[in-house]
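S.K.: For reference, the file structure-v4.cif (mmCIF, C-alpha atoms) is included below:
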data_start
loop_
_atom_site.label_atom_id
_atom_site.label_comp_id
_atom_site.auth_asym_id
_atom_site.auth_seq_id
_atom_site.Cartn_x
_atom_site.Cartn_y
_atom_site.Cartn_z
CA MET A 1 0.00 0.00 0.00
CA TRP A 2 1.55 3.30 -1.04
CA CYS A 3 0.07 5.36 1.80
CA ARG A 4 -1.61 4.63 5.07
CA GLY A 5 -5.36 4.85 5.29
CA LEU A 6 -6.15 5.70 1.67
CA GLY A 7 -8.16 3.18 -0.30
CA LEU A 8 -11.15 3.02 -2.62
CA GLU A 9 -13.44 3.32 0.39
CA ASP A 10 -12.24 6.93 0.72
CA PHE A 11 -13.89 7.87 -2.59
CA ILE A 12 -17.63 8.55 -2.78
CA LEU A 13 -19.00 8.47 -6.32
CA VAL A 14 -21.92 10.80 -6.90
CA PRO A 15 -23.67 10.67 -10.31
CA SER A 16 -24.26 13.99 -12.05
CA PRO A 17 -26.32 15.01 -15.09
CA ALA A 18 -25.52 14.61 -18.78
CA ALA A 19 -23.62 11.35 -18.46
CA SER A 20 -20.90 13.07 -16.42
CA THR A 21 -19.74 11.96 -13.01
CA THR A 22 -18.62 14.05 -10.05
CA THR A 23 -16.37 12.26 -7.60
CA GLN A 24 -16.11 13.61 -4.08
CA VAL A 25 -12.84 12.87 -2.31
CA GLY A 26 -12.95 12.73 1.47
CA LEU A 27 -10.50 14.47 3.77
CA ILE A 28 -7.46 12.62 5.08
CA THR A 29 -5.31 14.77 7.31
CA PRO A 30 -1.55 14.11 7.11
CA PRO A 31 0.45 13.89 10.35
CA SER A 32 1.93 17.01 11.89
CA LEU A 33 5.28 18.09 10.55
CA ALA A 34 6.18 20.34 13.45
CA PHE A 35 9.50 18.53 13.83
CA ILE A 36 10.68 19.86 10.46
CA PHE A 37 11.38 23.57 10.60
CA TYR A 38 14.06 25.74 9.06
CA ASP A 39 15.82 28.59 10.78
CA SER A 40 16.94 31.71 8.98
CA VAL A 41 19.12 30.99 5.97
CA VAL A 42 22.66 32.29 6.24
CA GLY A 43 25.12 32.32 3.37
CA GLU A 44 25.09 30.36 0.13
CA ILE A 45 22.78 27.36 -0.17
CA ASN A 46 24.07 24.16 -1.74
CA TYR A 47 21.25 22.84 -3.89
CA ASP A 48 20.88 19.24 -5.02
CA GLU A 49 17.48 18.75 -6.65
CA PHE A 50 17.41 15.03 -5.81
CA SER A 51 18.25 15.42 -2.11
CA PHE A 52 14.79 16.34 -0.78
CA PHE A 53 12.69 13.26 -1.47
CA GLN A 54 12.91 12.04 2.13
CA GLU A 55 11.30 15.32 3.19
CA ASN A 56 8.41 14.69 0.81
CA LEU A 57 7.95 11.21 2.28
CA ALA A 58 8.08 12.46 5.88
CA GLU A 59 5.62 15.28 5.32
CA TRP A 60 2.94 12.90 4.04
CA ASP A 61 3.82 9.78 6.05
CA LEU A 62 4.65 7.83 2.89
CA ASP A 63 6.39 4.51 3.47
CA VAL A 64 7.73 3.80 -0.01
CA ALA A 65 11.12 3.53 -1.66
CA VAL A 66 12.40 6.43 -3.74
CA PRO A 67 12.52 5.14 -7.33
CA SER A 68 15.13 6.08 -9.87
CA VAL A 69 14.77 9.70 -11.03
CA ARG A 70 16.85 11.44 -13.66
CA ARG A 71 16.86 14.83 -15.34
CA PHE A 72 16.81 14.80 -19.12
CA PHE A 73 16.89 17.32 -21.96
CA VAL A 74 15.21 16.99 -25.34
CA GLU A 75 15.65 19.30 -28.31
CA VAL A 76 12.43 20.89 -29.55
CA ASP A 77 13.85 23.57 -31.86
CA ALA A 78 17.25 24.48 -33.22
CA GLY A 79 19.32 25.32 -30.16
CA ARG A 80 16.41 25.06 -27.71
CA LYS A 81 15.69 22.23 -25.31
CA LEU A 82 13.00 21.28 -22.84
CA SER A 83 13.97 19.55 -19.63
CA GLY A 84 12.11 17.24 -17.34
CA LEU A 85 12.23 14.50 -14.74
CA GLN A 86 11.87 10.85 -15.68
CA TRP A 87 10.62 8.71 -12.83
CA GLN A 88 11.72 5.11 -13.49
CA GLU A 89 13.09 4.00 -16.83
CA GLU A 90 10.08 2.16 -18.22
CA GLU A 91 7.58 3.56 -20.71
CA PRO A 92 5.81 6.39 -18.86
CA SER A 93 2.28 5.72 -17.60
CA MET A 94 1.52 9.48 -17.84
CA VAL A 95 3.04 12.88 -18.59
CA LEU A 96 2.60 15.76 -16.12
CA LEU A 97 2.68 19.49 -16.97
CA HIS A 98 2.92 22.06 -14.18
CA GLY A 99 1.30 25.49 -13.94
CA GLY A 100 2.70 28.93 -14.62
CA ALA A 101 5.65 30.00 -12.41
CA GLN A 102 6.11 26.36 -11.29
CA ASN A 103 8.33 23.49 -12.44
CA ALA A 104 8.38 19.70 -12.70
CA HIS A 105 9.24 19.24 -9.02
CA THR A 106 5.74 20.41 -8.03
CA PHE A 107 4.65 16.80 -8.68
CA ASP A 108 7.38 15.11 -6.59
CA THR A 109 5.11 13.89 -3.79
CA VAL A 110 2.51 12.74 -6.32
CA ALA A 111 5.17 10.78 -8.22
CA LEU A 112 6.51 9.22 -5.02
CA ALA A 113 3.01 8.14 -4.01
CA LEU A 114 2.12 6.78 -7.45
CA GLN A 115 5.20 4.55 -7.72
CA GLN A 116 4.67 4.44 -11.48
CA PRO A 117 6.96 5.35 -14.37
CA LEU A 118 6.12 8.86 -15.50
CA ILE A 119 7.52 12.06 -16.97
CA ALA A 120 7.16 15.52 -15.46
CA LEU A 121 8.20 18.25 -17.88
CA ASP A 122 9.42 21.79 -17.30
CA LEU A 123 7.46 24.11 -19.60
CA PRO A 124 9.46 26.59 -21.73
CA ASN A 125 10.82 29.48 -19.63
CA HIS A 126 10.36 27.37 -16.50
CA GLY A 127 12.54 25.11 -14.43
CA HIS A 128 15.57 23.92 -16.40
CA SER A 129 13.96 24.34 -19.83
CA ASP A 130 15.16 26.96 -22.31
CA ALA A 131 13.10 30.07 -22.91
CA SER A 132 10.44 30.30 -25.58
CA PRO A 133 10.92 33.11 -28.12
CA TYR A 134 7.36 34.16 -27.24
CA GLY A 135 7.67 34.40 -23.47
CA SER A 136 6.57 32.44 -20.43
CA SER A 137 2.79 32.40 -20.95
CA ALA A 138 2.50 31.74 -24.71
CA ILE A 139 0.58 28.50 -24.40
CA ARG A 140 0.22 27.83 -28.13
CA ALA A 141 4.01 28.03 -28.55
CA HIS A 142 4.40 25.91 -25.41
CA ALA A 143 2.03 23.32 -26.87
CA SER A 144 4.14 23.11 -30.02
CA ASP A 145 7.33 22.64 -27.99
CA VAL A 146 5.81 20.04 -25.68
CA SER A 147 4.31 18.15 -28.63
CA ASN A 148 7.76 17.99 -30.23
CA ALA A 149 9.15 16.66 -26.97
CA LEU A 150 6.40 14.06 -26.53
CA ALA A 151 6.92 12.75 -30.05
CA GLN A 152 10.43 11.82 -28.93
CA LEU A 153 9.62 10.67 -25.39
CA VAL A 154 6.56 8.43 -25.73
CA LYS A 155 6.04 5.46 -28.03
CA LYS A 156 2.25 5.35 -27.88
CA PRO A 157 -0.67 7.61 -26.90
CA THR A 158 -0.15 8.47 -23.22
CA PRO A 159 -2.32 10.07 -20.52
CA LEU A 160 -1.58 13.80 -20.30
CA VAL A 161 -2.12 15.64 -17.01
CA GLY A 162 -1.96 19.44 -16.96
CA MET A 163 -2.33 21.83 -14.03
CA SER A 164 -3.40 25.47 -14.58
CA MET A 165 -1.38 26.88 -17.51
CA GLY A 166 -0.11 23.36 -18.12
CA GLY A 167 -3.74 22.29 -18.44
CA LEU A 168 -4.53 24.93 -21.06
CA THR A 169 -1.39 23.87 -22.91
CA SER A 170 -2.55 20.26 -22.66
CA ILE A 171 -5.89 21.10 -24.31
CA LEU A 172 -4.02 22.45 -27.33
CA ILE A 173 -1.75 19.39 -27.45
CA ALA A 174 -4.65 16.95 -27.23
CA SER A 175 -6.52 18.86 -29.93
CA ALA A 176 -3.63 19.10 -32.40
CA HIS A 177 -1.96 15.76 -31.66
CA PRO A 178 -4.48 13.17 -30.45
CA GLU A 179 -2.03 10.49 -31.59
CA LEU A 180 0.14 11.46 -28.61
CA VAL A 181 -2.58 11.66 -25.95
CA SER A 182 -4.79 8.80 -24.75
CA SER A 183 -6.63 10.81 -22.06
CA LEU A 184 -6.62 14.35 -20.71
CA THR A 185 -6.74 15.34 -17.04
CA LEU A 186 -7.08 19.03 -16.13
CA ILE A 187 -6.09 20.10 -12.61
CA ASP A 188 -8.13 23.09 -11.40
CA ILE A 189 -8.41 24.77 -14.78
CA THR A 190 -10.93 25.26 -17.58
CA PRO A 191 -11.03 27.71 -20.49
CA GLY A 192 -13.48 29.72 -18.39
CA VAL A 193 -10.84 30.80 -15.90
CA ASN A 194 -10.14 34.52 -16.29
CA ALA A 195 -7.98 37.22 -14.73
CA GLU A 196 -10.55 37.99 -12.03
CA LYS A 197 -10.75 34.37 -10.87
CA ALA A 198 -6.96 34.06 -10.80
CA LYS A 199 -6.09 37.48 -9.36
CA HIS A 200 -4.84 36.05 -6.05
CA ILE A 201 -2.35 33.93 -7.99
CA THR A 202 -1.13 36.66 -10.30
CA ALA A 203 -0.72 38.95 -7.29
CA PHE A 204 1.93 36.55 -6.01
CA VAL A 205 3.53 35.71 -9.35
CA ASN A 206 3.74 39.36 -10.46
CA GLY A 207 5.57 40.44 -7.33
CA PRO A 208 9.22 41.55 -7.03
CA THR A 209 11.51 40.34 -9.81
CA SER A 210 14.37 39.74 -7.38
CA PHE A 211 14.98 39.40 -3.65
CA ASP A 212 17.95 40.53 -1.59
CA ASP A 213 18.23 37.23 0.23
CA PHE A 214 16.52 33.88 0.65
CA ASP A 215 14.69 34.95 3.81
CA ASP A 216 12.86 37.71 1.92
CA LEU A 217 11.78 35.23 -0.73
CA LEU A 218 10.65 32.71 1.86
CA ALA A 219 8.74 35.35 3.85
CA ARG A 220 6.77 36.46 0.79
CA THR A 221 6.01 32.86 -0.14
CA ILE A 222 4.73 32.10 3.37
CA GLU A 223 2.59 35.25 3.30
CA HIS A 224 0.82 34.09 0.13
CA ASN A 225 0.62 30.42 1.20
CA PRO A 226 -0.29 30.58 4.91
CA THR A 227 -1.73 27.04 5.07
CA ARG A 228 1.34 25.28 3.66
CA LYS A 229 4.18 23.84 5.73
CA VAL A 230 7.32 25.94 5.89
CA SER A 231 9.44 22.94 4.94
CA ALA A 232 7.45 22.42 1.74
CA LEU A 233 7.60 26.11 0.82
CA ARG A 234 11.34 26.28 1.42
CA ARG A 235 11.91 23.19 -0.70
CA GLY A 236 9.69 24.57 -3.44
CA ILE A 237 11.70 27.78 -3.54
CA LEU A 238 14.97 25.89 -3.85
CA HIS A 239 13.53 24.01 -6.81
CA ASN A 240 12.09 27.16 -8.37
CA ALA A 241 14.59 29.97 -7.73
CA LEU A 242 18.23 30.78 -8.45
CA GLN A 243 20.82 32.57 -6.38
CA ARG A 244 22.86 35.12 -8.32
CA SER A 245 26.53 35.80 -7.83
CA ASP A 246 25.74 38.89 -5.73
CA GLY A 247 23.68 36.77 -3.31
CA SER A 248 20.26 37.94 -4.52
CA TRP A 249 17.56 35.50 -5.61
CA VAL A 250 15.35 35.37 -8.70
CA TRP A 251 12.55 33.01 -9.72
CA ARG A 252 13.60 30.68 -12.53
CA HIS A 253 10.67 31.77 -14.68
CA GLN A 254 11.76 35.43 -14.32
CA GLN A 255 15.41 34.92 -15.22
CA HIS A 256 14.83 35.25 -18.96
CA PRO A 257 14.50 38.63 -20.72
CA LYS A 258 10.96 39.67 -21.57
CA SER A 259 9.97 38.65 -25.09
CA GLU A 260 9.11 41.38 -27.59
CA LEU A 261 7.41 38.94 -29.97
CA GLN A 262 3.64 38.63 -30.20
CA ALA A 263 2.49 35.26 -28.94
CA PRO A 264 0.65 33.03 -31.46
CA GLU A 265 -3.14 33.17 -31.30
CA VAL A 266 -4.66 30.49 -29.10
CA GLY A 267 -8.11 30.17 -30.64
CA ASN A 268 -11.26 29.11 -28.78
CA LEU A 269 -10.15 26.60 -26.15
CA TRP A 270 -13.73 25.67 -25.29
CA ASP A 271 -14.30 24.62 -28.89
CA LYS A 272 -11.06 22.62 -28.97
CA LEU A 273 -11.93 20.93 -25.69
CA GLY A 274 -15.43 20.11 -26.89
CA GLU A 275 -14.09 18.37 -29.99
CA LEU A 276 -12.04 15.85 -28.00
CA THR A 277 -13.25 12.26 -28.07
CA MET A 278 -10.68 10.89 -25.62
CA PRO A 279 -11.51 10.56 -21.88
CA VAL A 280 -11.42 13.96 -20.14
CA THR A 281 -11.24 14.51 -16.38
CA LEU A 282 -11.37 17.73 -14.36
CA VAL A 283 -9.84 17.65 -10.88
CA ARG A 284 -11.23 20.68 -9.03
CA GLY A 285 -9.97 21.99 -5.71
CA MET A 286 -12.88 22.91 -3.45
CA ALA A 287 -11.04 25.04 -0.87
CA ALA A 288 -10.10 28.70 -1.00
CA GLY A 289 -7.66 29.44 -3.78
CA SER A 290 -9.28 27.34 -6.49
CA VAL A 291 -9.90 29.22 -9.74
CA VAL A 292 -12.68 26.96 -11.04
CA ASP A 293 -16.30 27.70 -10.18
CA ASP A 294 -19.69 26.07 -10.71
CA ASP A 295 -20.24 27.92 -13.99
CA ASP A 296 -17.03 26.37 -15.31
CA GLU A 297 -18.30 22.91 -14.38
CA LYS A 298 -21.65 23.56 -16.05
CA GLU A 299 -20.01 24.72 -19.27
CA LEU A 300 -17.56 21.84 -19.22
CA ARG A 301 -20.38 19.31 -18.91
CA ARG A 302 -22.20 21.01 -21.78
CA ARG A 303 -19.13 20.96 -24.02
CA VAL A 304 -17.82 17.52 -23.01
CA PRO A 305 -20.77 15.30 -22.01
CA HIS A 306 -18.47 12.36 -21.25
CA VAL A 307 -16.30 14.35 -18.80
CA GLU A 308 -15.43 13.02 -15.35
CA ILE A 309 -15.39 15.76 -12.69
CA VAL A 310 -13.62 15.22 -9.39
CA HIS A 311 -13.92 17.40 -6.28
CA VAL A 312 -10.95 17.38 -3.91
CA GLN A 313 -11.70 18.75 -0.47
CA GLU A 314 -9.03 20.71 1.41
CA ALA A 315 -7.27 21.60 -1.85
CA GLY A 316 -7.09 24.99 -3.51
CA HIS A 317 -5.61 25.70 -6.92
CA SER A 318 -2.48 23.61 -6.37
CA VAL A 319 -4.08 20.24 -5.76
CA GLN A 320 -0.70 18.52 -6.12
CA GLY A 321 0.67 20.67 -3.30
CA ASP A 322 -2.35 20.73 -0.98
CA GLN A 323 -3.50 17.12 -1.34
CA PRO A 324 -0.86 15.14 -3.28
CA LEU A 325 -1.96 11.73 -1.98
CA LYS A 326 -5.53 12.25 -3.12
CA LEU A 327 -4.31 13.43 -6.52
CA ALA A 328 -2.02 10.41 -6.81
CA ALA A 329 -4.92 8.08 -6.03
CA LEU A 330 -7.09 9.80 -8.62
CA LEU A 331 -4.42 9.74 -11.32
CA GLY A 332 -3.80 6.09 -10.62
CA ARG A 333 -7.51 5.44 -11.33
CA PHE A 334 -8.22 7.81 -14.20
CA ALA A 335 -4.95 8.36 -16.07
CA LYS A 336 -4.32 4.84 -17.31
#
I'd like the structure from this file rewritten - as structure tokens, please.

M.R.:
Amino acid sequence: MWCRGLGLEDFILVPSPAASTTTQVGLITPPSLAFIFYDSVVGEINYDEFSFFQENLAEWDLDVAVPSVRRFFVEVDAGRKLSGLQWQEEEPSMVLLHGGAQNAHTFDTVALALQQPLIALDLPNHGHSDASPYGSSAIRAHASDVSNALAQLVKKPTPLVGMSMGGLTSILIASAHPELVSSLTLIDITPGVNAEKAKHITAFVNGPTSFDDFDDLLARTIEHNPTRKVSALRRGILHNALQRSDGSWVWRHQQHPKSELQAPEVGNLWDKLGELTMPVTLVRGMAAGSVVDDDDEKELRRRVPHVEIVHVQEAGHSVQGDQPLKLAALLGRFAK
């Protein structure tokens, strides 16, 4: 068993109209992590991206072995590469795409809980991937890059899981290249999400472009994520920020110069989503911070009558961060 106390009995299936299904996921509270706390950071931090997995396990009381994990790079354009994490060496059971201002490590606890071979990619301009000529939020250009990468990384149609901006990118990939995607799972995102619904997220992302020291960066992150454990926030920063030679810190997604090119037109994502014939699942966080509302669900059911909708209690927008064990259980059921 990959985690204590989480089985099929923890899922309550509730039928919903129009041949859709809404799944309600019950609350399982992880043990306290009061024994893990970090004092003020002094001096340069030695960062090894593969040295934190035991923290992930401890935070969520996971009693599993850490599988093989490697970082890889794949060329998607002349001189440009995308990077990612390959969990286990076998053919991946799914591909995971993170949200804006995140990186592949956001799914670490999910991957540890799943104990399945999978790939988590860094989107262009994020993590260890090269920058897109069109900037960090050009999802149509991102979809083209990721499609090029998937054509080299997977041998058959594979479940695609996208969170937030990664979910919108995934819709474009599934629409343009159904030969690469066997099913689509969207994590707390629909084409109906707008600037107003996401303003609490952009308020954090569009903050200072650099920080004098790590403590300043950590303090701002805690301020905008008051319900998350300090250990998890600190680890997330180390995965998602860089220390400059002068000691200051910058987010990885903000290290690249701003693009002056106009991003390619996206088109109507609702129409593209509605044309999909593959299985589609929406995983919606039901706590504060989620950007999906009831109107989004209603429109999604209208556009995709065969959609599966899943409610995750005690999770906001970042379901993989707030409730990674529940997300892992859901992906293990739906993304095969």

S.K.: Translate the PyMOL selection byres ((chain A and resi 76) around 12) into a concrete residue list for this structure, as a PyMOL selection string.

M.R.: chain A and resi 73-75+77-83+123-124+129-132+141-153

S.K.: Check the smallest atom-to-atom distance from each of A:Ala174, A:Leu62, A:Leu218, A:Val205 to Gly99 (chain A) using all atoms listed in the file, then report the winner.

M.R.: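 Checking each candidate against Gly99 (chain A), we get A:Val205 as the closest.
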
S.K.: What gap, in Å, lies between CA of Pro324 (chain A) and CA of Phe204 (chain A)?

M.R.: 21.8 Å

S.K.: Go ahead and find all residues with at least one atom no further than 9 Å from (10.3, 11.6, -17.2) in the file's coordinates, using only C-alpha atoms; report them as a count of residues only.

M.R.: 19

S.K.: Which residue, A:Thr109, A:Gln102, A:Ser68, A:Gln313, has the smallest gap to His253 (chain A) when you use all atoms listed in the file?

M.R.: A:Gln102

S.K.: Restricting the calculation to all atoms listed in the file: of A:Ile201, A:Ala101, A:Leu57, A:Ala328, which residue gets closest to Gly236 (chain A)?

M.R.: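 Checking each candidate against Gly236 (chain A), we get A:Ala101 as the closest.
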
S.K.: Could you list, as a ChimeraX atom specification, every residue within 9 Å of region 180-188 of chain A, counting only C-alpha atoms and ignoring same-chain residues fewer than 6 positions away?

M.R.: /A:147,150-151,154-164,166-168,170-171,173-174,278-285,290-292,316-320,331,334-336

S.K.: One number please: CA of Tyr47 (chain A) to CA of Met94 (chain A), in Å, one decimal.

M.R.: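 Spanning CA of Tyr47 (chain A) to CA of Met94 (chain A) is a straight-line distance of 27.6 Å.
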
S.K.: Please report the interatomic distance between CA of Ser210 (chain A) and CA of Gln254 (chain A) in Å with one decimal.

M.R.: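 Taking CA of Ser210 (chain A) as the start and CA of Gln254 (chain A) as the end point, the length is 8.6 Å.
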
S.K.: Which residues match the PyMOL selection byres ((chain A and resi 275) around 12) in the file above, as a list in words?

M.R.: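 Selected by the PyMOL selection byres ((chain A and resi 275) around 12) here: Ile171, Leu172, Ala174, Ser175, Ala176, Pro178, Asn268, Leu269, Trp270, Asp271, Lys272, Leu273, Gly274, Leu276, Thr277, Met278, Pro279, Val280, Leu300, Arg302, Arg303, Val304, Pro305 and His306 of chain A.
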
S.K.: Using all atoms listed in the file, what residues lie at most 12 Å away from (6.8, 25.1, 2.6) (file coordinates), given as number ranges by chain?

M.R.: A: 33-34, 36-38, 55-56, 59, 106, 217-239, 321-322

S.K.: Return the single residue from A:Phe107, A:Phe211, A:Gln115, A:Leu97 that is closest to Gly332 (chain A), with distances computed using only C-alpha atoms.

M.R.: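 For Gly332 (chain A), the nearest of the given residues is A:Gln115.
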